[in-house]
Amino acid sequence: MWWNKVLKKFFKFSKERILDRLDNLSVRKKLLLVYILCVLIPTVVSHFIFTIFIIKNLQQQKITQIKSAFNILNTNIKKVIDEAILYSNTLYTDDLLNDMLDINYHGMDDFYSNYVQYLRNRIYQGRNVYSNIARVTIYTNNPTILNSDGYRKLNIQEVKEWYDKVINNLQGIVIIPTSDNGVNGEEGYVSLIRNLNQYEQRSTSTGNNSKYTKIAKIDIYLSSFFNSINFEVFGGEIYLIDSSNRIIAAHTYNNLIFTKPFVKFETSKFVPKGSYVFVNNLDINLLNGWKLVGVFSRSYMMGEIYKAIEFILLISLLSLIFATFLIRLITSSISNRLELLERHMRKVKKQRFEILTCREGNDEIGNLIREFNNMTIRLKELIEKEMLSEIQKKTLEVEKKQAEINALQSQINPHFLFNTLDSIRMRSVLKNELETAEIIKYLTRTLRRLIYWGNDITTVQEEINFVEDFLKIQQYRFGEKLTYEIFVEEDAKNCLIPKMTIQPLVENACIHGIEEKEDSGKVIVKVKKGGINLIIEVADNGIGMDEKKLEELYANLNNPLYDKSIGLKNVYRRLMLYYNDNAEFYIESSINKGTKVVIKLPLELPAFVS
């Protein structure tokens, strides 16, 4: 057939195209393709189908479990109601009770005697035999009956909630929800109310019809309706709703809640979004229209399903991990050697010529590794040979530059400088130029302190000594134009501070404050303790600065490009670095009134400062 030939050509062409594409793929991609088509996709699809089947099965199982619980509740409620009806029948057919309630008693003693002999025991009998009955009360309009345990005078205003319903009911029996104060606080009840002389018109033992109305009210524990369900396992919320769609009781989170006044059951209020709702109508004649409504959260309905999904995912993951491990084990001989070769080639690019040491093998990759090692050895030898002469030349040039630096340093040897200054000072003493000799002494001490820096930390006393030497040199320079005062508290002298904390401030006051002033000026230095801080003040009565210039100075204390007030800026930045920004730095200044710098430093040095 012609179409058979067409199909053969088509399949042959498709096969060739597929083989061409496969031949162009790398080995790693081919193995990855086999893994995806033969392991990954079949595993995912099969577990997906299995998951859907399990989910449907668990959902149906959960629904069956809920329906079974509702059937148990329905049966239990019917059983409790039937017990109450059975007991009401004994009261209804008790002629002696009917006669005793029709008697006109002569005073309290007469009624109490009959109450003790029969009436009280008749009431106790129902409560003792039927555990679900909370209490029994018989209402009568016999005026000689006294209010007692189980008997009350009929006051229509008190019982208007149910009186008309039971009188006008053809069966003479109604069931209504009630709530009252019980032993454990307010408790909910379902009350069965029965007209004991309904359709009576019957003869009593004395031959007379009943003279008075008699109604029995049997209160049933509402909690007994729910005793048959283990709510710790059930996990939902159940609402008991009457024929008027009112919530009579709700069992939620292992707590039975009675609602009074009764509220309407509205889905928007009592059913959270995403919840499942189940409705079960009570199959009881006297509770016609009553129903049980169950509300179950998504987490309860889907909890076991989620666990099943997690288990299936775990199995799927383990299957994939096992398959991946096997494939990885098979392909590792190829991929590991390729990765090692790639890493060593990158090292060669960074001029790190390292030999690749691994199990080479006798395949194409092994041959490639051996050729790479040979190439690396040749490159390393070539570069070392060519670079050796260049390194020697650079070394000679460095040594030459170092010699030149050493020569320059020897020209300004500090010892040479100190010896020269000391010679000048001695000649000044011999020539009786004592003031000049004194200034040279201060200058020598200042230079020695700057050159032989040593530790960065010093005492306040040492810093003040340095400041005083500097001020004496400045006095020699300015003459009578400059005066100064230094006040240091005794207990502040041994406090530790960074070197060159006070001197740059004093220098700044002399140069920018006093030097530009026409008349004489004064510099005042104060150091004292203030609580946990050391307070340093350097003030002058120089030319000062306006508010704009002061703001500019504050703004540029951390600006490395700002080339003014370098000494002040250096002090500020060093203190901020030493004390982790815990130091305080203030500047107060006014035009023609002077400038004051205030520094507050913590008495304890930071731990990293040695």
# chains A, B, ... in the order shown; residues from 1 in each chain; ligands from 1
$ select_by_dssp --residues "range 225-377 of chain A" --states "strand (DSSP E)" --output "list in words"
Glu237, Ile238, Tyr239, Leu240, Ile241, Ile247, Ile248, Ala249, Ala250, His251, Thr252, Asn255, Leu256, Ile257, Phe258, Tyr276, Val277, Phe278, Val279, Asn280, Asn281, Lys291, Leu292, Val293, Gly294, Val295 and Phe296 of chain A
$ atom_distance --atom1 "CA of Gln117 in chain A" --atom2 "CA of Ile156 in chain A"
28.6 Å
$ closest_residue --among "A:Asp149, A:Glu584, A:Asp491, A:Glu507" --to "Lys528 in chain A" --atoms "only C-alpha atoms"
A:Asp491
$ atom_distance --atom1 "CA of Asn155 in chain A" --atom2 "CA of Lys217 in chain A"
13.7 Å
$ residues_around --residues "Val598 in chain A" --least-positions-apart "5" --cutoff "6 Å" --atoms "only C-alpha atoms" --output "list in words"
Ile536, Glu537, Phe585 and Tyr586 of chain A
$ atom_distance --atom1 "CA of Lys493 in chain A" --atom2 "CA of Lys593 in chain A"
29.5 Å
$ closest_residue --among "A:Ser299, A:Ser113, A:Thr51, A:Ser88" --to "Tyr130 in chain A" --atoms "only C-alpha atoms"
A:Ser88
$ select_by_dssp --residues "range 251-301 of chain A" --states "helix (DSSP H, G or I)" --output "list in words"
Thr267, Ser268, Lys269, Phe270, Asn285, Leu286, Leu287, Arg298, Ser299, Tyr300 and Met301 of chain A
$ residues_around --residues "range 265-270 of chain A" --least-positions-apart "4" --cutoff "8 Å" --atoms "only C-alpha atoms" --output "list in words"
Ile241, Asn245, Arg246 and Ile247 of chain A
